[in-house]
2 protein chains.
Amino acid sequence: MEELKNRIRQEGAILSDRVLKVDSFLNHQVDTELALATGREFAGAFADENITKVLTIEASGIQFAMAAGIALGVPFVYAKKKKAITQSDSVYTAEVHSFTRGETYQISVDQRYLSPQDNVLIVDDFLATGAALVGLVDIVRASGARLVGVGAVIEKSFQEGRGLLEEKDVRIHSLARIISMKPGEVHFAEEDRRAGELAKERS
Amino acid sequence: MEELKNRIRQEGAILSDRVLKVDSFLNHQVDTELALATGREFAGAFADENITKVLTIEASGIQFAMAAGIALGVPFVYAKKKKAITQSDSVYTAEVHSFTRGETYQISVDQRYLSPQDNVLIVDDFLATGAALVGLVDIVRASGARLVGVGAVIEKSFQEGRGLLEEKDVRIHSLARIISMKPGEVHFAEEDRRAGELAKERS
């Protein structure tokens, strides 16, 4: 998604070779037009999948799940984060380890909002370590719903998230795929380049 | 907003005379069409205010701030919650006491995203104790921006939030104003009834 890549080039703050801040337009202040455009991209990429529901995790996935829900004409659900480990019969839960915060938290979705009749697209702002997204995948599968795939606004391909999702046979569609970065410099994968070719090039 | 009130009557779970759960359509699973409609209502109510930015707080305000941002054609900002009390020169902060959780947390907005040139509409899912909204009002005023008002999707008029905002001379527009409730029963204020008349009636 060329417009998104341009904004990352112009406004993204690359603090290290792993940390990219995009809070001027994606996840603190939000450019609503750009967010809506990401939703249309996801809807187009998964157009043949008869999606019935979009799933994300609070907080910074919400604007993109909403955008995808608007483009697809379906509701969205956001998993709740909580530290309390109060298991309940009425929610699907997964444990997520945050590497940046060094803590493990629980995410949960009320069982009423995912069913075996659903075709679910998972959406989030970042695919990096993949920890939260793997948790969402596990929740969808526990519910019996069909997982259509994962849509990430920004993928940091040099982190392990893509590999973890591919191990689980999850289709991934990222709108801006960063293969490397350092302060002042960001390199994107070509959109039509396949994962295998990319891996070969990087090895 | 009649459609919203009907959904509250049909799907709201009133757990006590103070606790209303609307997580099947507003703040866990989200009806995207209904959320968009709330945004249009807010945009209409504040149409003459030349709003340049919508402000909310993570997580459950995001879908309504996005909807208002879409309707108004402006970006939105969501304040971050954190427990850490690491004051920074580059953020506006406020302390918020959560009565339900019995804890105080800090909310913050990067100073780059609110300026004296902004006309700001604050939006949230609930106006109840008003704690978080008062914090957002203080942040807007600290920034020098002009506060246009507060838009609440649901107001529980029998809690203290409205009074706290009115003391601060904040214009309030709520889409569904609950004057009393108990399990199985919810009573709304008439939309065109003024706060003074309502208070008289309740006294």
# chains A, B, ... in the order shown; residues from 1 in each chain; ligands from 1
>>> residues_around(residues="Phe46 (chain A)", least_positions_apart="5", cutoff="10 Å", atoms="only C-alpha atoms", output="VMD selection string")
chain A and resid 41 51 72 121 148 to 151 171 173
>>> write_last_selection(atoms="C-alpha atoms", output="short mmCIF file (atom, residue, chain, number, x, y, z; two decimals), in the first residue's frame")
data_model
loop_
_atom_site.label_atom_id
_atom_site.label_comp_id
_atom_site.auth_asym_id
_atom_site.auth_seq_id
_atom_site.Cartn_x
_atom_site.Cartn_y
_atom_site.Cartn_z
CA GLU A 41 -7.25 -2.91 1.35
CA ILE A 51 -15.98 -12.81 6.10
CA LEU A 72 -16.80 -5.50 4.67
CA LEU A 121 -10.41 -12.02 9.67
CA VAL A 148 -9.65 -16.55 7.00
CA GLY A 149 -6.31 -14.95 7.73
CA VAL A 150 -4.41 -12.17 9.44
CA GLY A 151 -4.22 -8.62 8.14
CA ARG A 171 -2.59 -16.65 5.52
CA HIS A 173 -1.66 -10.01 4.30
#
>>> interface_residues(of="chain B", to="chain A", cutoff="8 Å", atoms="only C-alpha atoms", output="list in words")
Ser24, His28, Gln29, Val30, Asp31, Thr32, Glu33, Glu58, Ala59, Ser60, Ile62, Gln63, Met66, Gly69, Ile70, Gly73, Val74, Pro75, Phe76, Val77, Tyr78, Ala79, Lys80 and Tyr113 of chain B
>>> select_by_dssp(residues="region 42-168 of chain B", states="helix (DSSP H, G or I)", output="PDB file with all heavy atoms, in the first residue's frame")
ATOM      1  N   PHE B  42     -22.962  12.900  16.571  1.00  0.00           N
ATOM      2  CA  PHE B  42     -22.059  13.864  17.215  1.00  0.00           C
ATOM      3  C   PHE B  42     -21.692  14.990  16.238  1.00  0.00           C
ATOM      4  O   PHE B  42     -21.674  16.166  16.606  1.00  0.00           O
ATOM      5  CB  PHE B  42     -20.789  13.173  17.721  1.00  0.00           C
ATOM      6  CG  PHE B  42     -21.002  12.254  18.892  1.00  0.00           C
ATOM      7  CD1 PHE B  42     -20.472  10.968  18.906  1.00  0.00           C
ATOM      8  CD2 PHE B  42     -21.712  12.681  20.009  1.00  0.00           C
ATOM      9  CE1 PHE B  42     -20.652  10.129  20.000  1.00  0.00           C
ATOM     10  CE2 PHE B  42     -21.905  11.842  21.105  1.00  0.00           C
ATOM     11  CZ  PHE B  42     -21.379  10.568  21.095  1.00  0.00           C
ATOM     12  N   ALA B  43     -21.385  14.616  15.008  1.00  0.00           N
ATOM     13  CA  ALA B  43     -21.008  15.631  14.016  1.00  0.00           C
ATOM     14  C   ALA B  43     -22.145  16.621  13.809  1.00  0.00           C
ATOM     15  O   ALA B  43     -21.920  17.834  13.698  1.00  0.00           O
ATOM     16  CB  ALA B  43     -20.624  14.954  12.694  1.00  0.00           C
ATOM     17  N   GLY B  44     -23.374  16.120  13.793  1.00  0.00           N
ATOM     18  CA  GLY B  44     -24.519  17.003  13.617  1.00  0.00           C
ATOM     19  C   GLY B  44     -24.725  17.920  14.812  1.00  0.00           C
ATOM     20  O   GLY B  44     -25.001  19.120  14.660  1.00  0.00           O
ATOM     21  N   ALA B  45     -24.563  17.381  16.003  1.00  0.00           N
ATOM     22  CA  ALA B  45     -24.811  18.167  17.215  1.00  0.00           C
ATOM     23  C   ALA B  45     -23.809  19.312  17.362  1.00  0.00           C
ATOM     24  O   ALA B  45     -24.122  20.349  17.949  1.00  0.00           O
ATOM     25  CB  ALA B  45     -24.761  17.258  18.442  1.00  0.00           C
ATOM     26  N   ALA B  47     -22.125  20.740  14.763  1.00  0.00           N
ATOM     27  CA  ALA B  47     -21.812  21.080  13.366  1.00  0.00           C
ATOM     28  C   ALA B  47     -21.230  22.480  13.195  1.00  0.00           C
ATOM     29  O   ALA B  47     -20.472  22.734  12.265  1.00  0.00           O
ATOM     30  CB  ALA B  47     -23.065  20.933  12.504  1.00  0.00           C
ATOM     31  N   ASP B  48     -21.581  23.404  14.087  1.00  0.00           N
ATOM     32  CA  ASP B  48     -21.158  24.801  13.905  1.00  0.00           C
ATOM     33  C   ASP B  48     -19.839  25.108  14.598  1.00  0.00           C
ATOM     34  O   ASP B  48     -19.461  26.280  14.718  1.00  0.00           O
ATOM     35  CB  ASP B  48     -22.236  25.739  14.470  1.00  0.00           C
ATOM     36  CG  ASP B  48     -23.565  25.532  13.765  1.00  0.00           C
ATOM     37  OD1 ASP B  48     -23.542  25.174  12.565  1.00  0.00           O
ATOM     38  OD2 ASP B  48     -24.615  25.715  14.417  1.00  0.00           O
ATOM     39  N   GLU B  49     -19.157  24.113  15.094  1.00  0.00           N
ATOM     40  CA  GLU B  49     -18.030  24.357  15.990  1.00  0.00           C
ATOM     41  C   GLU B  49     -16.668  24.273  15.317  1.00  0.00           C
ATOM     42  O   GLU B  49     -15.639  24.398  15.970  1.00  0.00           O
ATOM     43  CB  GLU B  49     -18.075  23.370  17.165  1.00  0.00           C
ATOM     44  CG  GLU B  49     -19.312  23.521  18.048  1.00  0.00           C
ATOM     45  CD  GLU B  49     -19.218  24.742  18.981  1.00  0.00           C
ATOM     46  OE1 GLU B  49     -18.259  25.535  18.845  1.00  0.00           O
ATOM     47  OE2 GLU B  49     -20.115  24.884  19.828  1.00  0.00           O
ATOM     48  N   ILE B  62     -12.425   4.370  21.329  1.00  0.00           N
ATOM     49  CA  ILE B  62     -11.790   4.512  20.010  1.00  0.00           C
ATOM     50  C   ILE B  62     -12.787   4.399  18.861  1.00  0.00           C
ATOM     51  O   ILE B  62     -12.777   5.208  17.929  1.00  0.00           O
ATOM     52  CB  ILE B  62     -10.632   3.495  19.855  1.00  0.00           C
ATOM     53  CG1 ILE B  62      -9.493   3.841  20.828  1.00  0.00           C
ATOM     54  CG2 ILE B  62     -10.133   3.467  18.416  1.00  0.00           C
ATOM     55  CD1 ILE B  62      -8.339   2.841  20.842  1.00  0.00           C
ATOM     56  N   GLN B  63     -13.684   3.410  18.925  1.00  0.00           N
ATOM     57  CA  GLN B  63     -14.603   3.227  17.790  1.00  0.00           C
ATOM     58  C   GLN B  63     -15.528   4.428  17.609  1.00  0.00           C
ATOM     59  O   GLN B  63     -15.941   4.738  16.490  1.00  0.00           O
ATOM     60  CB  GLN B  63     -15.396   1.915  17.911  1.00  0.00           C
ATOM     61  CG  GLN B  63     -16.137   1.711  19.208  1.00  0.00           C
ATOM     62  CD  GLN B  63     -15.282   1.009  20.253  1.00  0.00           C
ATOM     63  OE1 GLN B  63     -14.056   1.199  20.309  1.00  0.00           O
ATOM     64  NE2 GLN B  63     -15.897   0.207  21.098  1.00  0.00           N
ATOM     65  N   PHE B  64     -15.846   5.129  18.699  1.00  0.00           N
ATOM     66  CA  PHE B  64     -16.754   6.275  18.584  1.00  0.00           C
ATOM     67  C   PHE B  64     -15.994   7.534  18.164  1.00  0.00           C
ATOM     68  O   PHE B  64     -16.516   8.365  17.422  1.00  0.00           O
ATOM     69  CB  PHE B  64     -17.518   6.457  19.894  1.00  0.00           C
ATOM     70  CG  PHE B  64     -18.208   5.185  20.303  1.00  0.00           C
ATOM     71  CD1 PHE B  64     -17.742   4.417  21.358  1.00  0.00           C
ATOM     72  CD2 PHE B  64     -19.277   4.709  19.555  1.00  0.00           C
ATOM     73  CE1 PHE B  64     -18.341   3.212  21.690  1.00  0.00           C
ATOM     74  CE2 PHE B  64     -19.884   3.500  19.879  1.00  0.00           C
ATOM     75  CZ  PHE B  64     -19.416   2.750  20.952  1.00  0.00           C
ATOM     76  N   ALA B  65     -14.766   7.664  18.614  1.00  0.00           N
ATOM     77  CA  ALA B  65     -13.932   8.771  18.154  1.00  0.00           C
ATOM     78  C   ALA B  65     -13.634   8.611  16.663  1.00  0.00           C
ATOM     79  O   ALA B  65     -13.642   9.584  15.903  1.00  0.00           O
ATOM     80  CB  ALA B  65     -12.631   8.820  18.948  1.00  0.00           C
ATOM     81  N   MET B  66     -13.391   7.381  16.258  1.00  0.00           N
ATOM     82  CA  MET B  66     -13.159   7.137  14.829  1.00  0.00           C
ATOM     83  C   MET B  66     -14.407   7.490  14.026  1.00  0.00           C
ATOM     84  O   MET B  66     -14.314   8.146  12.977  1.00  0.00           O
ATOM     85  CB  MET B  66     -12.782   5.671  14.618  1.00  0.00           C
ATOM     86  CG  MET B  66     -12.751   5.261  13.159  1.00  0.00           C
ATOM     87  SD  MET B  66     -11.191   4.526  12.674  1.00  0.00           S
ATOM     88  CE  MET B  66     -11.658   3.809  11.093  1.00  0.00           C
ATOM     89  N   ALA B  67     -15.562   7.081  14.518  1.00  0.00           N
ATOM     90  CA  ALA B  67     -16.814   7.371  13.812  1.00  0.00           C
ATOM     91  C   ALA B  67     -17.038   8.878  13.709  1.00  0.00           C
ATOM     92  O   ALA B  67     -17.433   9.395  12.657  1.00  0.00           O
ATOM     93  CB  ALA B  67     -17.983   6.705  14.527  1.00  0.00           C
ATOM     94  N   ALA B  68     -16.776   9.597  14.796  1.00  0.00           N
ATOM     95  CA  ALA B  68     -16.935  11.054  14.771  1.00  0.00           C
ATOM     96  C   ALA B  68     -15.907  11.672  13.830  1.00  0.00           C
ATOM     97  O   ALA B  68     -16.215  12.600  13.068  1.00  0.00           O
ATOM     98  CB  ALA B  68     -16.807  11.625  16.178  1.00  0.00           C
ATOM     99  N   GLY B  69     -14.681  11.156  13.873  1.00  0.00           N
ATOM    100  CA  GLY B  69     -13.638  11.647  12.970  1.00  0.00           C
ATOM    101  C   GLY B  69     -14.012  11.452  11.508  1.00  0.00           C
ATOM    102  O   GLY B  69     -13.780  12.329  10.666  1.00  0.00           O
ATOM    103  N   ILE B  70     -14.605  10.306  11.204  1.00  0.00           N
ATOM    104  CA  ILE B  70     -15.056  10.039   9.836  1.00  0.00           C
ATOM    105  C   ILE B  70     -16.132  11.038   9.433  1.00  0.00           C
ATOM    106  O   ILE B  70     -16.075  11.659   8.368  1.00  0.00           O
ATOM    107  CB  ILE B  70     -15.580   8.586   9.714  1.00  0.00           C
ATOM    108  CG1 ILE B  70     -14.420   7.582   9.853  1.00  0.00           C
ATOM    109  CG2 ILE B  70     -16.321   8.378   8.391  1.00  0.00           C
ATOM    110  CD1 ILE B  70     -14.869   6.134  10.024  1.00  0.00           C
ATOM    111  N   ALA B  71     -17.117  11.216  10.319  1.00  0.00           N
ATOM    112  CA  ALA B  71     -18.247  12.100   9.982  1.00  0.00           C
ATOM    113  C   ALA B  71     -17.798  13.550   9.832  1.00  0.00           C
ATOM    114  O   ALA B  71     -18.364  14.298   9.043  1.00  0.00           O
ATOM    115  CB  ALA B  71     -19.336  11.980  11.048  1.00  0.00           C
ATOM    116  N   LEU B  72     -16.801  13.937  10.622  1.00  0.00           N
ATOM    117  CA  LEU B  72     -16.330  15.324  10.605  1.00  0.00           C
ATOM    118  C   LEU B  72     -15.183  15.540   9.619  1.00  0.00           C
ATOM    119  O   LEU B  72     -14.808  16.680   9.335  1.00  0.00           O
ATOM    120  CB  LEU B  72     -15.857  15.725  12.005  1.00  0.00           C
ATOM    121  CG  LEU B  72     -16.945  15.883  13.076  1.00  0.00           C
ATOM    122  CD1 LEU B  72     -16.351  15.754  14.482  1.00  0.00           C
ATOM    123  CD2 LEU B  72     -17.652  17.226  12.918  1.00  0.00           C
ATOM    124  N   GLN B 111       2.048  15.995  23.424  1.00  0.00           N
ATOM    125  CA  GLN B 111       1.774  17.423  23.213  1.00  0.00           C
ATOM    126  C   GLN B 111       1.725  17.821  21.747  1.00  0.00           C
ATOM    127  O   GLN B 111       1.117  18.830  21.388  1.00  0.00           O
ATOM    128  CB  GLN B 111       2.828  18.264  23.950  1.00  0.00           C
ATOM    129  CG  GLN B 111       2.720  18.120  25.464  1.00  0.00           C
ATOM    130  CD  GLN B 111       3.559  19.131  26.227  1.00  0.00           C
ATOM    131  OE1 GLN B 111       4.274  19.933  25.629  1.00  0.00           O
ATOM    132  NE2 GLN B 111       3.481  19.088  27.548  1.00  0.00           N
ATOM    133  N   ARG B 112       2.337  17.020  20.896  1.00  0.00           N
ATOM    134  CA  ARG B 112       2.315  17.375  19.466  1.00  0.00           C
ATOM    135  C   ARG B 112       0.919  17.291  18.852  1.00  0.00           C
ATOM    136  O   ARG B 112       0.674  17.840  17.783  1.00  0.00           O
ATOM    137  CB  ARG B 112       3.237  16.431  18.680  1.00  0.00           C
ATOM    138  CG  ARG B 112       4.712  16.666  18.927  1.00  0.00           C
ATOM    139  CD  ARG B 112       5.553  15.619  18.221  1.00  0.00           C
ATOM    140  NE  ARG B 112       5.276  14.286  18.754  1.00  0.00           N
ATOM    141  CZ  ARG B 112       5.741  13.154  18.241  1.00  0.00           C
ATOM    142  NH1 ARG B 112       6.498  13.192  17.149  1.00  0.00           N
ATOM    143  NH2 ARG B 112       5.456  11.989  18.792  1.00  0.00           N
ATOM    144  N   TYR B 113       0.006  16.562  19.533  1.00  0.00           N
ATOM    145  CA  TYR B 113      -1.276  16.275  18.887  1.00  0.00           C
ATOM    146  C   TYR B 113      -2.429  17.146  19.380  1.00  0.00           C
ATOM    147  O   TYR B 113      -3.578  16.941  18.991  1.00  0.00           O
ATOM    148  CB  TYR B 113      -1.600  14.784  19.007  1.00  0.00           C
ATOM    149  CG  TYR B 113      -0.441  13.933  18.525  1.00  0.00           C
ATOM    150  CD1 TYR B 113      -0.040  12.793  19.194  1.00  0.00           C
ATOM    151  CD2 TYR B 113       0.283  14.326  17.396  1.00  0.00           C
ATOM    152  CE1 TYR B 113       1.048  12.048  18.757  1.00  0.00           C
ATOM    153  CE2 TYR B 113       1.375  13.598  16.953  1.00  0.00           C
ATOM    154  CZ  TYR B 113       1.754  12.458  17.643  1.00  0.00           C
ATOM    155  OH  TYR B 113       2.833  11.739  17.215  1.00  0.00           O
ATOM    156  N   ALA B 131     -14.906  10.428  35.651  1.00  0.00           N
ATOM    157  CA  ALA B 131     -13.495  10.544  36.039  1.00  0.00           C
ATOM    158  C   ALA B 131     -12.571  10.685  34.821  1.00  0.00           C
ATOM    159  O   ALA B 131     -11.742  11.606  34.771  1.00  0.00           O
ATOM    160  CB  ALA B 131     -13.085   9.338  36.883  1.00  0.00           C
ATOM    161  N   ALA B 132     -12.725   9.797  33.865  1.00  0.00           N
ATOM    162  CA  ALA B 132     -11.837   9.841  32.704  1.00  0.00           C
ATOM    163  C   ALA B 132     -12.113  11.088  31.864  1.00  0.00           C
ATOM    164  O   ALA B 132     -11.181  11.736  31.376  1.00  0.00           O
ATOM    165  CB  ALA B 132     -12.015   8.585  31.852  1.00  0.00           C
ATOM    166  N   LEU B 133     -13.389  11.456  31.744  1.00  0.00           N
ATOM    167  CA  LEU B 133     -13.733  12.618  30.912  1.00  0.00           C
ATOM    168  C   LEU B 133     -13.216  13.909  31.523  1.00  0.00           C
ATOM    169  O   LEU B 133     -12.736  14.796  30.805  1.00  0.00           O
ATOM    170  CB  LEU B 133     -15.247  12.669  30.694  1.00  0.00           C
ATOM    171  CG  LEU B 133     -15.760  11.603  29.713  1.00  0.00           C
ATOM    172  CD1 LEU B 133     -17.276  11.483  29.779  1.00  0.00           C
ATOM    173  CD2 LEU B 133     -15.314  11.938  28.290  1.00  0.00           C
ATOM    174  N   VAL B 134     -13.287  14.024  32.842  1.00  0.00           N
ATOM    175  CA  VAL B 134     -12.723  15.210  33.499  1.00  0.00           C
ATOM    176  C   VAL B 134     -11.218  15.284  33.223  1.00  0.00           C
ATOM    177  O   VAL B 134     -10.674  16.355  32.943  1.00  0.00           O
ATOM    178  CB  VAL B 134     -13.030  15.196  35.009  1.00  0.00           C
ATOM    179  CG1 VAL B 134     -12.157  16.191  35.756  1.00  0.00           C
ATOM    180  CG2 VAL B 134     -14.512  15.508  35.250  1.00  0.00           C
ATOM    181  N   GLY B 135     -10.555  14.148  33.255  1.00  0.00           N
ATOM    182  CA  GLY B 135      -9.130  14.122  32.927  1.00  0.00           C
ATOM    183  C   GLY B 135      -8.862  14.598  31.507  1.00  0.00           C
ATOM    184  O   GLY B 135      -7.930  15.373  31.262  1.00  0.00           O
ATOM    185  N   LEU B 136      -9.686  14.169  30.572  1.00  0.00           N
ATOM    186  CA  LEU B 136      -9.519  14.600  29.183  1.00  0.00           C
ATOM    187  C   LEU B 136      -9.786  16.101  29.034  1.00  0.00           C
ATOM    188  O   LEU B 136      -9.079  16.792  28.293  1.00  0.00           O
ATOM    189  CB  LEU B 136     -10.451  13.806  28.251  1.00  0.00           C
ATOM    190  CG  LEU B 136     -10.126  12.320  28.072  1.00  0.00           C
ATOM    191  CD1 LEU B 136     -11.189  11.638  27.209  1.00  0.00           C
ATOM    192  CD2 LEU B 136      -8.746  12.113  27.439  1.00  0.00           C
ATOM    193  N   VAL B 137     -10.794  16.601  29.738  1.00  0.00           N
ATOM    194  CA  VAL B 137     -11.084  18.040  29.707  1.00  0.00           C
ATOM    195  C   VAL B 137      -9.868  18.826  30.209  1.00  0.00           C
ATOM    196  O   VAL B 137      -9.447  19.820  29.601  1.00  0.00           O
ATOM    197  CB  VAL B 137     -12.331  18.359  30.568  1.00  0.00           C
ATOM    198  CG1 VAL B 137     -12.447  19.864  30.824  1.00  0.00           C
ATOM    199  CG2 VAL B 137     -13.591  17.828  29.890  1.00  0.00           C
ATOM    200  N   ASP B 138      -9.285  18.367  31.302  1.00  0.00           N
ATOM    201  CA  ASP B 138      -8.114  19.057  31.852  1.00  0.00           C
ATOM    202  C   ASP B 138      -6.951  19.052  30.864  1.00  0.00           C
ATOM    203  O   ASP B 138      -6.221  20.039  30.728  1.00  0.00           O
ATOM    204  CB  ASP B 138      -7.694  18.400  33.175  1.00  0.00           C
ATOM    205  CG  ASP B 138      -8.708  18.656  34.292  1.00  0.00           C
ATOM    206  OD1 ASP B 138      -9.569  19.558  34.133  1.00  0.00           O
ATOM    207  OD2 ASP B 138      -8.659  17.948  35.307  1.00  0.00           O
ATOM    208  N   ILE B 139      -6.792  17.935  30.160  1.00  0.00           N
ATOM    209  CA  ILE B 139      -5.712  17.836  29.170  1.00  0.00           C
ATOM    210  C   ILE B 139      -5.947  18.812  28.016  1.00  0.00           C
ATOM    211  O   ILE B 139      -5.026  19.513  27.579  1.00  0.00           O
ATOM    212  CB  ILE B 139      -5.575  16.376  28.670  1.00  0.00           C
ATOM    213  CG1 ILE B 139      -4.829  15.546  29.734  1.00  0.00           C
ATOM    214  CG2 ILE B 139      -4.867  16.306  27.317  1.00  0.00           C
ATOM    215  CD1 ILE B 139      -4.739  14.062  29.430  1.00  0.00           C
ATOM    216  N   VAL B 140      -7.167  18.884  27.522  1.00  0.00           N
ATOM    217  CA  VAL B 140      -7.463  19.817  26.422  1.00  0.00           C
ATOM    218  C   VAL B 140      -7.171  21.245  26.875  1.00  0.00           C
ATOM    219  O   VAL B 140      -6.536  22.023  26.146  1.00  0.00           O
ATOM    220  CB  VAL B 140      -8.932  19.694  25.959  1.00  0.00           C
ATOM    221  CG1 VAL B 140      -9.269  20.807  24.964  1.00  0.00           C
ATOM    222  CG2 VAL B 140      -9.181  18.333  25.326  1.00  0.00           C
ATOM    223  N   ARG B 141      -7.585  21.581  28.085  1.00  0.00           N
ATOM    224  CA  ARG B 141      -7.385  22.959  28.536  1.00  0.00           C
ATOM    225  C   ARG B 141      -5.915  23.254  28.787  1.00  0.00           C
ATOM    226  O   ARG B 141      -5.448  24.366  28.506  1.00  0.00           O
ATOM    227  CB  ARG B 141      -8.269  23.226  29.759  1.00  0.00           C
ATOM    228  CG  ARG B 141      -9.735  23.255  29.291  1.00  0.00           C
ATOM    229  CD  ARG B 141     -10.729  23.660  30.310  1.00  0.00           C
ATOM    230  NE  ARG B 141     -12.026  23.885  29.646  1.00  0.00           N
ATOM    231  CZ  ARG B 141     -13.208  23.852  30.258  1.00  0.00           C
ATOM    232  NH1 ARG B 141     -13.264  23.623  31.558  1.00  0.00           N
ATOM    233  NH2 ARG B 141     -14.303  24.065  29.581  1.00  0.00           N
ATOM    234  N   ALA B 142      -5.173  22.260  29.260  1.00  0.00           N
ATOM    235  CA  ALA B 142      -3.734  22.453  29.450  1.00  0.00           C
ATOM    236  C   ALA B 142      -3.027  22.720  28.124  1.00  0.00           C
ATOM    237  O   ALA B 142      -2.022  23.431  28.074  1.00  0.00           O
ATOM    238  CB  ALA B 142      -3.125  21.219  30.131  1.00  0.00           C
ATOM    239  N   SER B 143      -3.584  22.175  27.049  1.00  0.00           N
ATOM    240  CA  SER B 143      -2.946  22.317  25.735  1.00  0.00           C
ATOM    241  C   SER B 143      -3.193  23.681  25.106  1.00  0.00           C
ATOM    242  O   SER B 143      -2.551  24.036  24.130  1.00  0.00           O
ATOM    243  CB  SER B 143      -3.476  21.241  24.782  1.00  0.00           C
ATOM    244  OG  SER B 143      -4.786  21.580  24.325  1.00  0.00           O
ATOM    245  N   GLY B 161     -21.043  12.238  36.938  1.00  0.00           N
ATOM    246  CA  GLY B 161     -20.239  12.757  35.839  1.00  0.00           C
ATOM    247  C   GLY B 161     -20.760  14.035  35.206  1.00  0.00           C
ATOM    248  O   GLY B 161     -20.001  14.995  34.992  1.00  0.00           O
ATOM    249  N   ARG B 162     -22.064  14.075  34.919  1.00  0.00           N
ATOM    250  CA  ARG B 162     -22.612  15.272  34.287  1.00  0.00           C
ATOM    251  C   ARG B 162     -22.371  16.503  35.159  1.00  0.00           C
ATOM    252  O   ARG B 162     -21.948  17.554  34.664  1.00  0.00           O
ATOM    253  CB  ARG B 162     -24.110  15.112  33.991  1.00  0.00           C
ATOM    254  CG  ARG B 162     -24.771  16.405  33.523  1.00  0.00           C
ATOM    255  CD  ARG B 162     -26.215  16.222  33.081  1.00  0.00           C
ATOM    256  NE  ARG B 162     -26.283  15.615  31.755  1.00  0.00           N
ATOM    257  CZ  ARG B 162     -26.392  16.331  30.621  1.00  0.00           C
ATOM    258  NH1 ARG B 162     -26.437  17.663  30.654  1.00  0.00           N
ATOM    259  NH2 ARG B 162     -26.444  15.726  29.455  1.00  0.00           N
ATOM    260  N   GLY B 163     -22.627  16.371  36.450  1.00  0.00           N
ATOM    261  CA  GLY B 163     -22.435  17.510  37.347  1.00  0.00           C
ATOM    262  C   GLY B 163     -20.988  17.998  37.349  1.00  0.00           C
ATOM    263  O   GLY B 163     -20.722  19.207  37.312  1.00  0.00           O
ATOM    264  N   LEU B 164     -20.047  17.054  37.356  1.00  0.00           N
ATOM    265  CA  LEU B 164     -18.630  17.437  37.359  1.00  0.00           C
ATOM    266  C   LEU B 164     -18.254  18.193  36.090  1.00  0.00           C
ATOM    267  O   LEU B 164     -17.495  19.171  36.138  1.00  0.00           O
ATOM    268  CB  LEU B 164     -17.747  16.184  37.486  1.00  0.00           C
ATOM    269  CG  LEU B 164     -17.834  15.441  38.825  1.00  0.00           C
ATOM    270  CD1 LEU B 164     -17.018  14.146  38.766  1.00  0.00           C
ATOM    271  CD2 LEU B 164     -17.337  16.330  39.965  1.00  0.00           C
ATOM    272  N   LEU B 165     -18.794  17.761  34.956  1.00  0.00           N
ATOM    273  CA  LEU B 165     -18.489  18.447  33.695  1.00  0.00           C
ATOM    274  C   LEU B 165     -19.173  19.801  33.639  1.00  0.00           C
ATOM    275  O   LEU B 165     -18.595  20.785  33.170  1.00  0.00           O
ATOM    276  CB  LEU B 165     -18.906  17.582  32.497  1.00  0.00           C
ATOM    277  CG  LEU B 165     -18.097  16.296  32.292  1.00  0.00           C
ATOM    278  CD1 LEU B 165     -18.682  15.491  31.127  1.00  0.00           C
ATOM    279  CD2 LEU B 165     -16.627  16.601  32.027  1.00  0.00           C
ATOM    280  N   GLU B 166     -20.398  19.876  34.130  1.00  0.00           N
ATOM    281  CA  GLU B 166     -21.108  21.159  34.106  1.00  0.00           C
ATOM    282  C   GLU B 166     -20.417  22.188  34.995  1.00  0.00           C
ATOM    283  O   GLU B 166     -20.369  23.379  34.664  1.00  0.00           O
ATOM    284  CB  GLU B 166     -22.579  20.953  34.495  1.00  0.00           C
ATOM    285  CG  GLU B 166     -23.373  20.283  33.372  1.00  0.00           C
ATOM    286  CD  GLU B 166     -24.832  19.998  33.709  1.00  0.00           C
ATOM    287  OE1 GLU B 166     -25.194  20.003  34.908  1.00  0.00           O
ATOM    288  OE2 GLU B 166     -25.608  19.741  32.761  1.00  0.00           O
ATOM    289  N   GLU B 167     -19.858  21.729  36.095  1.00  0.00           N
ATOM    290  CA  GLU B 167     -19.080  22.644  36.946  1.00  0.00           C
ATOM    291  C   GLU B 167     -17.905  23.252  36.183  1.00  0.00           C
ATOM    292  O   GLU B 167     -17.456  24.353  36.496  1.00  0.00           O
ATOM    293  CB  GLU B 167     -18.492  21.887  38.150  1.00  0.00           C
ATOM    294  CG  GLU B 167     -19.436  21.731  39.323  1.00  0.00           C
ATOM    295  CD  GLU B 167     -18.856  20.792  40.369  1.00  0.00           C
ATOM    296  OE1 GLU B 167     -17.605  20.664  40.438  1.00  0.00           O
ATOM    297  OE2 GLU B 167     -19.639  20.168  41.094  1.00  0.00           O
TER     298      GLU B 167
END
>>> select_by_dssp(residues="chain B", states="strand (DSSP E or B)", output="PyMOL selection string")
chain B and resi 13-14+20-21+29-30+53-57+76-82+91-98+103-110+119-127+146-156+172-182+185-188
